[in-house]
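> Input target_21.cif, format and content: mmCIF, C-alpha atoms.
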data_work
#
loop_
_atom_site.group_PDB
_atom_site.id
_atom_site.type_symbol
_atom_site.label_atom_id
_atom_site.label_comp_id
_atom_site.auth_asym_id
_atom_site.auth_seq_id
_atom_site.Cartn_x
_atom_site.Cartn_y
_atom_site.Cartn_z
ATOM 1 C CA MET M 1 -43.291 -48.173 11.677
ATOM 2 C CA GLY M 2 -45.270 -46.083 14.155
ATOM 3 C CA VAL M 3 -45.649 -47.196 17.760
ATOM 4 C CA TYR M 4 -49.069 -46.937 19.369
ATOM 5 C CA ARG M 5 -49.204 -45.419 22.829
ATOM 6 C CA LYS M 6 -51.253 -47.105 25.501
ATOM 7 C CA GLN M 7 -53.966 -45.115 27.274
ATOM 8 C CA ILE M 8 -51.878 -44.772 30.411
ATOM 9 C CA GLN M 9 -48.931 -43.469 28.366
ATOM 10 C CA ILE M 10 -51.184 -40.825 26.801
ATOM 11 C CA VAL M 11 -52.397 -39.814 30.270
ATOM 12 C CA GLY M 12 -48.767 -39.683 31.426
ATOM 13 C CA ASP M 13 -47.826 -37.505 28.436
ATOM 14 C CA ILE M 14 -50.748 -35.105 29.059
ATOM 15 C CA LEU M 15 -49.886 -34.780 32.746
ATOM 16 C CA TYR M 16 -46.224 -34.268 31.883
ATOM 17 C CA ALA M 17 -47.200 -31.579 29.366
ATOM 18 C CA ALA M 18 -49.493 -29.944 31.918
ATOM 19 C CA GLU M 19 -46.718 -29.950 34.510
ATOM 20 C CA GLU M 20 -44.237 -28.425 32.069
ATOM 21 C CA LEU M 21 -46.690 -25.783 30.942
ATOM 22 C CA THR M 22 -48.019 -24.747 34.356
ATOM 23 C CA ILE M 23 -44.814 -23.452 35.862
ATOM 24 C CA ASP M 24 -46.146 -19.905 35.663
ATOM 25 C CA GLN M 25 -49.373 -20.959 37.505
ATOM 26 C CA ASN M 26 -51.597 -19.754 34.657
ATOM 27 C CA GLY M 27 -52.294 -23.213 33.337
ATOM 28 C CA ALA M 28 -51.974 -24.663 29.861
ATOM 29 C CA SER M 29 -54.429 -24.215 27.027
ATOM 30 C CA ILE M 30 -55.821 -27.186 25.095
ATOM 31 C CA THR M 31 -53.751 -26.150 22.066
ATOM 32 C CA ASN M 32 -50.566 -26.201 24.144
ATOM 33 C CA LEU M 33 -51.440 -29.618 25.538
ATOM 34 C CA ILE M 34 -52.283 -30.984 22.079
ATOM 35 C CA GLN M 35 -48.922 -29.868 20.752
ATOM 36 C CA LYS M 36 -46.879 -30.971 23.723
ATOM 37 C CA ALA M 37 -48.608 -34.359 24.230
ATOM 38 C CA ASN M 38 -49.000 -34.991 20.488
ATOM 39 C CA ILE M 39 -52.677 -35.940 20.569
ATOM 40 C CA SER M 40 -55.756 -35.037 18.526
ATOM 41 C CA HIS M 41 -58.340 -32.515 19.744
ATOM 42 C CA SER M 42 -61.218 -35.009 19.707
ATOM 43 C CA ARG M 43 -59.294 -37.450 21.843
ATOM 44 C CA ILE M 44 -57.835 -35.013 24.342
ATOM 45 C CA SER M 45 -61.240 -33.498 25.196
ATOM 46 C CA LYS M 46 -62.579 -36.764 26.633
ATOM 47 C CA ILE M 47 -59.347 -37.501 28.486
ATOM 48 C CA LEU M 48 -59.171 -34.004 29.979
ATOM 49 C CA THR M 49 -62.743 -34.319 31.276
ATOM 50 C CA ASN M 50 -61.824 -37.593 32.980
ATOM 51 C CA LEU M 51 -58.575 -36.245 34.399
ATOM 52 C CA VAL M 52 -60.379 -33.226 35.853
ATOM 53 C CA SER M 53 -63.130 -35.416 37.356
ATOM 54 C CA GLN M 54 -60.452 -37.560 38.990
ATOM 55 C CA GLY M 55 -58.660 -34.552 40.415
ATOM 56 C CA LEU M 56 -55.457 -35.073 38.456
ATOM 57 C CA LEU M 57 -55.932 -31.811 36.570
ATOM 58 C CA GLU M 58 -57.555 -28.555 37.664
ATOM 59 C CA GLN M 59 -59.643 -26.568 35.222
ATOM 60 C CA ILE M 60 -59.068 -22.817 35.303
ATOM 61 C CA ASP M 61 -61.629 -20.545 33.678
ATOM 62 C CA SER M 62 -59.830 -17.821 31.852
ATOM 63 C CA LYS M 63 -61.345 -14.921 29.879
ATOM 64 C CA ARG M 64 -60.557 -16.420 26.491
ATOM 65 C CA ALA M 65 -60.572 -20.197 26.967
ATOM 66 C CA CYS M 66 -60.366 -23.056 29.437
ATOM 67 C CA LYS M 67 -56.954 -23.736 30.848
ATOM 68 C CA TYR M 68 -55.659 -26.754 32.738
ATOM 69 C CA LYS M 69 -53.232 -26.973 35.626
ATOM 70 C CA ILE M 70 -51.764 -30.115 37.177
ATOM 71 C CA SER M 71 -53.014 -30.750 40.739
ATOM 72 C CA MET M 72 -51.018 -32.148 43.664
ATOM 73 C CA THR M 73 -52.660 -35.555 43.095
ATOM 74 C CA GLY M 74 -51.686 -35.258 39.440
ATOM 75 C CA LYS M 75 -48.087 -34.501 40.386
ATOM 76 C CA ASN M 76 -48.028 -37.525 42.708
ATOM 77 C CA PHE M 77 -49.537 -39.718 40.015
ATOM 78 C CA LEU M 78 -46.982 -38.488 37.470
ATOM 79 C CA ARG M 79 -44.114 -39.207 39.868
ATOM 80 C CA GLU M 80 -45.359 -42.744 40.465
ATOM 81 C CA TYR M 81 -46.040 -43.221 36.757
ATOM 82 C CA ARG M 82 -42.412 -42.353 36.000
ATOM 83 C CA THR M 83 -41.132 -44.705 38.728
ATOM 84 C CA PHE M 84 -43.200 -47.653 37.522
ATOM 85 C CA SER M 85 -42.541 -46.817 33.906
ATOM 86 C CA GLU M 86 -38.820 -47.139 34.663
ATOM 87 C CA PHE M 87 -39.578 -50.397 36.503
ATOM 88 C CA THR M 88 -41.282 -51.944 33.464
ATOM 89 C CA ASP M 89 -38.596 -50.513 31.146
ATOM 90 C CA ASN M 90 -36.049 -52.555 33.108
ATOM 91 C CA PHE M 91 -37.906 -55.678 32.017
ATOM 92 C CA GLY M 92 -37.973 -54.502 28.422
ATOM 93 C CA LEU M 93 -41.713 -53.862 28.770
ATOM 94 C CA THR M 94 -43.928 -50.822 28.361
ATOM 95 C CA ILE M 95 -46.170 -49.823 31.259
ATOM 96 C CA MET R 1 -22.297 -77.780 50.852
ATOM 97 C CA GLU R 2 -25.049 -78.241 48.245
ATOM 98 C CA PHE R 3 -27.623 -78.288 51.030
ATOM 99 C CA LEU R 4 -26.381 -74.931 52.367
ATOM 100 C CA LEU R 5 -26.218 -73.396 48.885
ATOM 101 C CA GLU R 6 -29.740 -74.614 48.127
ATOM 102 C CA ASN R 7 -30.953 -72.996 51.360
ATOM 103 C CA ILE R 8 -29.274 -69.682 50.480
ATOM 104 C CA LEU R 9 -30.555 -69.760 46.886
ATOM 105 C CA ASN R 10 -34.138 -70.435 47.883
ATOM 106 C CA LEU R 11 -34.122 -67.854 50.672
ATOM 107 C CA VAL R 12 -32.646 -65.206 48.329
ATOM 108 C CA GLY R 13 -35.162 -66.166 45.628
ATOM 109 C CA PHE R 14 -38.034 -65.953 48.093
ATOM 110 C CA ILE R 15 -37.012 -62.502 49.388
ATOM 111 C CA ILE R 16 -36.239 -60.984 45.969
ATOM 112 C CA GLY R 17 -39.365 -62.460 44.377
ATOM 113 C CA ILE R 18 -41.656 -61.112 47.073
ATOM 114 C CA ILE R 19 -40.007 -57.637 47.124
ATOM 115 C CA ILE R 20 -40.272 -57.216 43.330
ATOM 116 C CA GLY R 21 -43.786 -58.692 43.376
ATOM 117 C CA VAL R 22 -45.014 -56.288 46.049
ATOM 118 C CA PHE R 23 -43.400 -53.357 44.233
ATOM 119 C CA ALA R 24 -45.136 -54.369 40.986
ATOM 120 C CA TYR R 25 -48.427 -54.746 42.892
ATOM 121 C CA VAL R 26 -48.151 -51.219 44.327
ATOM 122 C CA GLY R 27 -47.519 -50.025 40.774
ATOM 123 C CA TYR R 28 -50.552 -51.923 39.507
ATOM 124 C CA LYS R 29 -52.776 -50.460 42.238
ATOM 125 C CA ASN R 30 -51.611 -46.932 41.452
ATOM 126 C CA THR R 31 -51.613 -47.048 37.660
ATOM 127 C CA GLY R 32 -53.915 -49.965 36.741
ATOM 128 C CA SER R 33 -51.334 -51.153 34.208
ATOM 129 C CA PRO R 34 -51.944 -54.787 33.084
ATOM 130 C CA VAL R 35 -48.184 -55.200 32.531
ATOM 131 C CA LEU R 36 -47.579 -54.477 36.204
ATOM 132 C CA PHE R 37 -50.348 -56.932 37.098
ATOM 133 C CA ARG R 38 -48.619 -59.683 35.101
ATOM 134 C CA LEU R 39 -45.277 -58.828 36.724
ATOM 135 C CA THR R 40 -46.987 -58.996 40.137
ATOM 136 C CA ILE R 41 -48.252 -62.532 39.447
ATOM 137 C CA ALA R 42 -44.864 -63.475 37.978
ATOM 138 C CA PHE R 43 -42.718 -62.371 40.891
ATOM 139 C CA ILE R 44 -45.113 -63.375 43.654
ATOM 140 C CA ALA R 45 -45.225 -66.848 42.035
ATOM 141 C CA ILE R 46 -41.419 -66.958 41.746
ATOM 142 C CA GLY R 47 -41.085 -65.863 45.380
ATOM 143 C CA ILE R 48 -43.636 -68.411 46.622
ATOM 144 C CA GLY R 49 -41.999 -71.145 44.516
ATOM 145 C CA PHE R 50 -38.589 -70.484 46.061
ATOM 146 C CA GLY R 51 -40.250 -70.146 49.467
ATOM 147 C CA ILE R 52 -41.877 -73.576 49.221
ATOM 148 C CA ILE R 53 -38.571 -75.251 48.337
ATOM 149 C CA TRP R 54 -36.808 -73.334 51.120
ATOM 150 C CA THR R 55 -39.493 -74.513 53.574
ATOM 151 C CA GLY R 56 -38.949 -78.071 52.321
ATOM 152 C CA TYR R 57 -35.235 -77.848 53.056
ATOM 153 C CA LEU R 58 -35.961 -76.260 56.425
ATOM 154 C CA ILE R 59 -38.388 -79.054 57.372
ATOM 155 C CA ASP R 60 -35.796 -81.649 56.420
ATOM 156 C CA ASP R 61 -33.039 -79.823 58.294
ATOM 157 C CA VAL R 62 -35.040 -79.374 61.501
ATOM 158 C CA PHE R 63 -37.341 -82.409 61.657
ATOM 159 C CA LEU R 64 -36.635 -85.200 59.158
ATOM 160 C CA GLN R 65 -32.842 -84.903 58.765
ATOM 161 C CA GLU R 66 -32.752 -87.170 55.716
ATOM 162 C CA GLY R 67 -30.412 -84.849 53.805
ATOM 163 C CA LYS R 68 -32.828 -84.462 50.887
ATOM 164 C CA ILE R 69 -36.000 -82.517 50.199
ATOM 165 C CA ASN R 70 -39.387 -84.140 49.637
ATOM 166 C CA ARG R 71 -39.664 -84.611 45.843
ATOM 167 C CA GLY R 72 -43.325 -83.620 45.741
ATOM 168 C CA LEU R 73 -42.624 -80.375 47.571
ATOM 169 C CA GLN R 74 -39.725 -79.596 45.242
ATOM 170 C CA ALA R 75 -41.863 -80.290 42.153
ATOM 171 C CA LEU R 76 -44.590 -78.016 43.564
ATOM 172 C CA GLY R 77 -42.101 -75.203 44.225
ATOM 173 C CA LEU R 78 -40.509 -75.546 40.786
ATOM 174 C CA GLY R 79 -43.964 -75.649 39.182
ATOM 175 C CA ILE R 80 -45.034 -72.406 40.844
ATOM 176 C CA GLN R 81 -41.737 -70.785 39.816
ATOM 177 C CA THR R 82 -42.381 -71.877 36.237
ATOM 178 C CA ILE R 83 -45.782 -70.145 36.345
ATOM 179 C CA GLY R 84 -43.870 -66.991 37.326
ATOM 180 C CA TYR R 85 -41.418 -67.386 34.438
ATOM 181 C CA PHE R 86 -44.371 -67.972 32.136
ATOM 182 C CA PHE R 87 -45.917 -64.646 33.113
ATOM 183 C CA ILE R 88 -42.627 -62.824 32.465
ATOM 184 C CA ALA R 89 -42.465 -64.435 29.023
ATOM 185 C CA PHE R 90 -46.190 -63.802 28.496
ATOM 186 C CA SER R 91 -45.622 -60.096 29.104
ATOM 187 C CA HIS R 92 -43.374 -60.125 26.042
ATOM 188 C CA THR R 93 -46.286 -61.581 24.014
ATOM 189 C CA ILE R 94 -45.406 -65.226 23.993
ATOM 190 C CA LYS R 95 -47.097 -65.886 20.650
ATOM 191 C CA SER R 96 -44.027 -64.655 18.814
ATOM 192 C CA PHE R 97 -41.973 -67.404 20.439
ATOM 193 C CA PHE R 98 -43.786 -70.348 18.922
ATOM 194 C CA PRO R 99 -43.535 -71.044 15.190
ATOM 195 C CA LYS R 100 -46.761 -70.342 13.267
ATOM 196 C CA SER R 101 -46.771 -73.699 11.448
ATOM 197 C CA ARG R 102 -48.699 -76.391 13.318
ATOM 198 C CA TYR R 103 -46.119 -78.979 12.201
ATOM 199 C CA PHE R 104 -43.143 -77.012 13.523
ATOM 200 C CA ARG R 105 -45.028 -76.270 16.696
ATOM 201 C CA SER R 106 -45.489 -79.973 17.483
ATOM 202 C CA VAL R 107 -41.948 -80.910 16.415
ATOM 203 C CA GLY R 108 -40.494 -77.973 18.329
ATOM 204 C CA ILE R 109 -42.022 -79.080 21.611
ATOM 205 C CA LEU R 110 -41.383 -82.817 21.087
ATOM 206 C CA PRO R 111 -37.682 -82.888 22.152
ATOM 207 C CA LEU R 112 -38.674 -81.318 25.452
ATOM 208 C CA PHE R 113 -40.699 -84.394 26.390
ATOM 209 C CA VAL R 114 -38.286 -86.885 24.842
ATOM 210 C CA LEU R 115 -35.383 -85.468 26.838
ATOM 211 C CA SER R 116 -37.363 -84.951 30.002
ATOM 212 C CA SER R 117 -39.463 -88.042 30.282
ATOM 213 C CA MET R 118 -37.700 -89.104 33.514
ATOM 214 C CA ASN R 119 -39.984 -87.306 35.915
ATOM 215 C CA ILE R 120 -42.146 -84.256 36.318
ATOM 216 C CA GLU R 121 -39.393 -82.211 37.968
ATOM 217 C CA HIS R 122 -37.263 -82.386 34.826
ATOM 218 C CA ILE R 123 -40.180 -81.470 32.594
ATOM 219 C CA ILE R 124 -40.823 -78.420 34.772
ATOM 220 C CA ARG R 125 -37.127 -77.483 34.664
ATOM 221 C CA SER R 126 -37.192 -77.735 30.864
ATOM 222 C CA PHE R 127 -40.201 -75.433 30.672
ATOM 223 C CA SER R 128 -38.512 -72.981 33.051
ATOM 224 C CA PHE R 129 -35.373 -73.022 30.907
ATOM 225 C CA ILE R 130 -37.285 -72.254 27.694
ATOM 226 C CA LEU R 131 -39.350 -69.476 29.305
ATOM 227 C CA LEU R 132 -36.262 -67.919 30.897
ATOM 228 C CA VAL R 133 -34.324 -68.004 27.621
ATOM 229 C CA TYR R 134 -37.257 -66.373 25.865
ATOM 230 C CA GLY R 135 -37.562 -63.680 28.552
ATOM 231 C CA ALA R 136 -33.796 -63.042 28.433
ATOM 232 C CA ILE R 137 -33.736 -62.713 24.619
ATOM 233 C CA GLU R 138 -36.694 -60.315 24.585
ATOM 234 C CA THR R 139 -35.152 -58.206 27.352
ATOM 235 C CA PHE R 140 -31.811 -58.070 25.517
ATOM 236 C CA VAL R 141 -33.635 -56.992 22.344
ATOM 237 C CA SER R 142 -35.307 -54.198 24.358
ATOM 238 C CA PHE R 143 -31.886 -53.194 25.676
ATOM 239 C CA LEU R 144 -30.539 -52.978 22.119
ATOM 240 C CA GLU R 145 -33.498 -50.780 21.141
ATOM 241 C CA GLY R 146 -33.561 -48.510 24.191
ATOM 242 C CA LYS R 147 -30.023 -48.825 25.631
ATOM 243 C CA GLN R 148 -31.451 -48.983 29.156
ATOM 244 C CA LYS R 149 -28.853 -50.278 31.591
ATOM 245 C CA GLY R 150 -31.598 -51.749 33.778
ATOM 246 C CA ALA R 151 -32.818 -53.911 30.893
ATOM 247 C CA LEU R 152 -29.270 -55.230 30.429
ATOM 248 C CA ALA R 153 -29.081 -56.212 34.112
ATOM 249 C CA VAL R 154 -32.524 -57.883 34.043
ATOM 250 C CA GLY R 155 -31.688 -59.665 30.769
ATOM 251 C CA THR R 156 -28.404 -60.900 32.252
ATOM 252 C CA GLY R 157 -30.275 -62.034 35.369
ATOM 253 C CA LEU R 158 -32.791 -64.032 33.361
ATOM 254 C CA ALA R 159 -29.997 -65.495 31.202
ATOM 255 C CA LEU R 160 -28.047 -66.564 34.307
ATOM 256 C CA LEU R 161 -31.186 -68.157 35.773
ATOM 257 C CA ALA R 162 -31.739 -69.986 32.474
ATOM 258 C CA PHE R 163 -28.116 -71.159 32.330
ATOM 259 C CA GLY R 164 -28.331 -72.248 35.971
ATOM 260 C CA GLU R 165 -31.499 -74.196 35.179
ATOM 261 C CA PHE R 166 -29.778 -75.841 32.224
ATOM 262 C CA ILE R 167 -26.715 -76.819 34.284
ATOM 263 C CA ALA R 168 -29.006 -78.146 37.040
ATOM 264 C CA TRP R 169 -30.742 -80.328 34.480
ATOM 265 C CA TYR R 170 -27.420 -81.387 32.944
ATOM 266 C CA SER R 171 -26.003 -82.275 36.366
ATOM 267 C CA LEU R 172 -28.370 -85.262 36.359
ATOM 268 C CA VAL R 173 -25.970 -86.840 33.875
ATOM 269 C CA PHE R 174 -23.056 -86.348 36.287
ATOM 270 C CA PRO R 175 -24.771 -86.526 39.706
ATOM 271 C CA GLU R 176 -21.708 -86.323 41.976
ATOM 272 C CA SER R 177 -19.913 -83.538 40.107
ATOM 273 C CA ILE R 178 -19.570 -79.852 40.947
ATOM 274 C CA LEU R 179 -22.169 -78.961 38.280
ATOM 275 C CA TYR R 180 -25.096 -78.692 40.665
ATOM 276 C CA SER R 181 -23.255 -76.282 42.985
ATOM 277 C CA VAL R 182 -22.261 -74.214 39.931
ATOM 278 C CA SER R 183 -25.894 -74.084 38.847
ATOM 279 C CA ILE R 184 -26.981 -72.827 42.267
ATOM 280 C CA LEU R 185 -24.292 -70.119 42.249
ATOM 281 C CA LEU R 186 -25.378 -69.081 38.742
ATOM 282 C CA LYS R 187 -28.974 -68.812 39.897
ATOM 283 C CA ILE R 188 -28.042 -66.720 42.952
ATOM 284 C CA SER R 189 -26.042 -64.385 40.667
ATOM 285 C CA GLY R 190 -29.029 -64.222 38.323
ATOM 286 C CA LEU R 191 -31.415 -63.250 41.117
ATOM 287 C CA ILE R 192 -29.036 -60.544 42.353
ATOM 288 C CA SER R 193 -28.656 -59.204 38.806
ATOM 289 C CA LEU R 194 -32.455 -59.180 38.479
ATOM 290 C CA PHE R 195 -32.790 -57.188 41.686
ATOM 291 C CA LEU R 196 -30.032 -54.612 40.964
ATOM 292 C CA PRO R 197 -32.015 -52.190 38.750
ATOM 293 C CA ILE R 198 -35.102 -52.541 40.950
ATOM 294 C CA SER R 199 -33.102 -51.656 44.075
ATOM 295 C CA ARG R 200 -32.282 -48.257 42.520
ATOM 296 C CA LEU R 201 -35.959 -47.346 42.319
ATOM 297 C CA PRO R 202 -37.529 -45.634 45.341
ATOM 298 C CA LEU R 203 -39.085 -48.503 47.321
ATOM 299 C CA ARG R 204 -41.200 -46.247 49.494
ATOM 300 C CA LYS R 205 -44.818 -46.633 50.430
ATOM 301 C CA ILE R 206 -46.943 -45.257 47.625
ATOM 302 C CA LYS R 207 -50.671 -44.764 47.735
ATOM 303 C CA LEU R 208 -53.111 -42.727 45.735
ATOM 304 C CA ASP R 209 -56.524 -42.715 47.368
ATOM 305 C CA ASN R 210 -58.217 -40.802 44.582
ATOM 306 C CA LEU R 211 -57.596 -43.444 41.961
ATOM 307 C CA ASP R 212 -59.682 -46.537 42.301
ATOM 308 C CA GLU R 213 -60.288 -49.168 39.629
ATOM 309 C CA ASP R 214 -63.635 -47.704 38.491
ATOM 310 C CA GLU R 215 -61.976 -44.413 37.774
ATOM 311 C CA ASP R 216 -59.237 -46.167 35.795
ATOM 312 C CA GLU R 217 -61.949 -47.692 33.624
ATOM 313 C CA LYS R 218 -63.376 -44.233 32.970
ATOM 314 C CA ILE R 219 -60.037 -43.210 31.478
ATOM 315 C CA ASP R 220 -60.081 -46.218 29.186
ATOM 316 C CA LYS R 221 -63.379 -45.204 27.558
#
With the file now loaded, output its structure as structure tokens.


Amino acid sequence: MGVYRKQIQIVGDILYAAEELTIDQNGASITNLIQKANISHSRISKILTNLVSQGLLEQIDSKRACKYKISMTGKNFLREYRTFSEFTDNFGLTI
Amino acid sequence: MEFLLENILNLVGFIIGIIIGVFAYVGYKNTGSPVLFRLTIAFIAIGIGFGIIWTGYLIDDVFLQEGKINRGLQALGLGIQTIGYFFIAFSHTIKSFFPKSRYFRSVGILPLFVLSSMNIEHIIRSFSFILLVYGAIETFVSFLEGKQKGALAVGTGLALLAFGEFIAWYSLVFPESILYSVSILLKISGLISLFLPISRLPLRKIKLDNLDEDEDEKIDK
């Protein structure tokens, strides 16, 4: 049986994917993020807009397509997300 | 001896409850997770509950010197603790605990009141025991699924608290025996076990100014 991810888990997965894919500083394309975070295109578009407006992701305009890079705030958020995710895991709960 | 152990137990419970509660609150503020909000209420309530009983013992020790705590104060403290245990159980979706049949539901709860009709303190203890057992079972199930060592420690902690609560209730049958002291020691061990995995997490000051609640709601849309 499939397990549904909560909204915050999806955000965590997108930020994690963005962090993994932005090591070279060029940013990650939407296709990369879709594959890495395992999310549909229609859903990720809305979430990416929100994450950019909140300063968790930075949008980079490239010649071919939009790319996304994790910001410092995003990195901090991801670190805290992992900490508190581990905290809830200890109680047998999901964040 | 019992008086000293009670003081230690309630002080430890107060400190651990408040630390875990504050940590969960910081997590809730930073992530907006409802699970962390429930854990905040749970552990702040547990901490306050222990704190009230500890204050009761302190008042008796310093001012009244009767050698026993005010029953009303103890019932209040235990009641607030039970609210905390309820929120831990509630986080595991408490609906799965109760049988679906209305008949079984009424029969299932009946022995609780038959056994604990002596006074409100015992009814509260019975509720605490059931909620703690439920929380322990659910946490152990999560451990079996995820093999997280932290979940094993928390599950053991909740189980020890439940067992301690049961022994405390059972010690009413044998009032002058060692049972009550054993129950207090079990509860102290349970609280320490509960705190162990949390103590490994970085308990530093965490704040994200850019994330307020309105912005969290935007993500939810």

> Quick one: residues within 9 Å of Val12 of chain R, only C-alpha atoms counted, chain neighbours fewer than 3 positions away excluded, as JSON, numbers by chain?

{"R": [7, 8, 9, 15, 16, 17, 47, 50, 188, 191, 192]}

> With only C-alpha atoms counted and 6 Å as the cut-off, give the residues of chain R in contact with chain M, each with its shortest interatomic distance in Å and the pair that gives it, as a tab-separated table.


residue	atom	partner	partner_atom	distance
R:Gly27	CA	M:Phe84	CA	5.9
R:Val35	CA	M:Ile95	CA	5.9
R:Thr139	CA	M:Gly92	CA	4.8
R:Ser142	CA	M:Gly92	CA	4.9
R:Gly150	CA	M:Asn90	CA	4.6
R:Ala151	CA	M:Asn90	CA	4.1

> Could you check how far atom CA of Ser91 of chain R sits from atom CA of Phe23 of chain R, in Å to one decimal?

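If I compute the distance from atom CA of Ser91 of chain R to atom CA of Phe23 of chain R, I get 16.7 Å.
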
> Assuming the chain letters and numbering stay as they are in my file, what does the PyMOL selection byres ((chain M and resi 30-39) around 9) actually select? List them as a compact mmCIF listing (two decimals) with C-alpha atoms, in the frame of the given file.


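Output (result_5.txt):
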# COMPACT_ATOMS: atom_id res chain seq x y z
CA ILE M 10 -51.18 -40.83 26.80
CA VAL M 11 -52.40 -39.81 30.27
CA GLY M 12 -48.77 -39.68 31.43
CA ASP M 13 -47.83 -37.51 28.44
CA ILE M 14 -50.75 -35.10 29.06
CA LEU M 15 -49.89 -34.78 32.75
CA TYR M 16 -46.22 -34.27 31.88
CA ALA M 17 -47.20 -31.58 29.37
CA ALA M 18 -49.49 -29.94 31.92
CA LEU M 21 -46.69 -25.78 30.94
CA ALA M 28 -51.97 -24.66 29.86
CA SER M 29 -54.43 -24.22 27.03
CA SER M 40 -55.76 -35.04 18.53
CA HIS M 41 -58.34 -32.52 19.74
CA SER M 42 -61.22 -35.01 19.71
CA ARG M 43 -59.29 -37.45 21.84
CA ILE M 44 -57.84 -35.01 24.34
CA SER M 45 -61.24 -33.50 25.20
CA ALA M 65 -60.57 -20.20 26.97
CA CYS M 66 -60.37 -23.06 29.44
CA LYS M 67 -56.95 -23.74 30.85
CA TYR M 68 -55.66 -26.75 32.74

> How many Å lie between atom CA of Ala42 of chain R and atom CA of Phe87 of chain R, rounded to one decimal?

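Computing it gives 5.1 Å between the two atoms.
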
> Figure out the distance between atom CA of Ile46 of chain R and atom CA of Phe14 of chain R, please, to one decimal in Å.

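Calculated distance between atom CA of Phe14 of chain R and atom CA of Ile46 of chain R is 7.3 Å.
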
> Let me have the centre and edge lengths in Å, one decimal, of the box along x, y and z around every listed atom of segment 38-41 of chain R with 5 Å of margin on each side, as AutoDock Vina command-line options.


--center_x -46.9 --center_y -60.7 --center_z 37.6 --size_x 13.3 --size_y 13.7 --size_z 15.0

> Quick test: take segment 79-94 of chain R, keep N, CA and C atoms, and write it as a CSV table (one decimal), in the first residue's frame.


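This went into result.csv:
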chain,number,residue,atom,x,y,z
R,79,GLY,N,-4.1,14.8,36.6
R,79,GLY,CA,-5.0,15.1,35.5
R,79,GLY,C,-4.3,15.8,34.3
R,80,ILE,N,-3.5,16.8,34.6
R,80,ILE,CA,-2.8,17.5,33.6
R,80,ILE,C,-1.8,16.6,32.9
R,81,GLN,N,-1.1,15.7,33.6
R,81,GLN,CA,-0.2,14.7,33.0
R,81,GLN,C,-1.0,13.8,32.0
R,82,THR,N,-2.2,13.4,32.5
R,82,THR,CA,-3.0,12.5,31.6
R,82,THR,C,-3.4,13.2,30.3
R,83,ILE,N,-3.6,14.5,30.4
R,83,ILE,CA,-3.9,15.3,29.1
R,83,ILE,C,-2.7,15.2,28.2
R,84,GLY,N,-1.5,15.3,28.8
R,84,GLY,CA,-0.3,15.1,28.0
R,84,GLY,C,-0.2,13.7,27.4
R,85,TYR,N,-0.5,12.7,28.2
R,85,TYR,CA,-0.4,11.3,27.6
R,85,TYR,C,-1.5,11.1,26.5
R,86,PHE,N,-2.6,11.8,26.7
R,86,PHE,CA,-3.7,11.7,25.7
R,86,PHE,C,-3.2,12.3,24.4
R,87,PHE,N,-2.5,13.4,24.4
R,87,PHE,CA,-2.0,14.0,23.2
R,87,PHE,C,-0.9,13.2,22.5
R,88,ILE,N,-0.1,12.5,23.3
R,88,ILE,CA,0.8,11.5,22.7
R,88,ILE,C,0.1,10.4,21.9
R,89,ALA,N,-0.9,9.9,22.6
R,89,ALA,CA,-1.7,8.8,22.0
R,89,ALA,C,-2.5,9.3,20.8
R,90,PHE,N,-3.0,10.6,21.0
R,90,PHE,CA,-3.8,11.2,19.9
R,90,PHE,C,-3.0,11.4,18.6
R,91,SER,N,-1.7,11.6,18.8
R,91,SER,CA,-0.8,11.8,17.7
R,91,SER,C,-0.7,10.5,16.9
R,92,HIS,N,-0.9,9.4,17.5
R,92,HIS,CA,-0.9,8.1,16.8
R,92,HIS,C,-2.3,7.7,16.3
R,93,THR,N,-3.2,8.7,16.1
R,93,THR,CA,-4.6,8.5,15.7
R,93,THR,C,-5.3,7.5,16.7
R,94,ILE,N,-5.8,8.1,17.7
R,94,ILE,CA,-6.4,7.3,18.8
R,94,ILE,C,-7.6,6.5,18.3
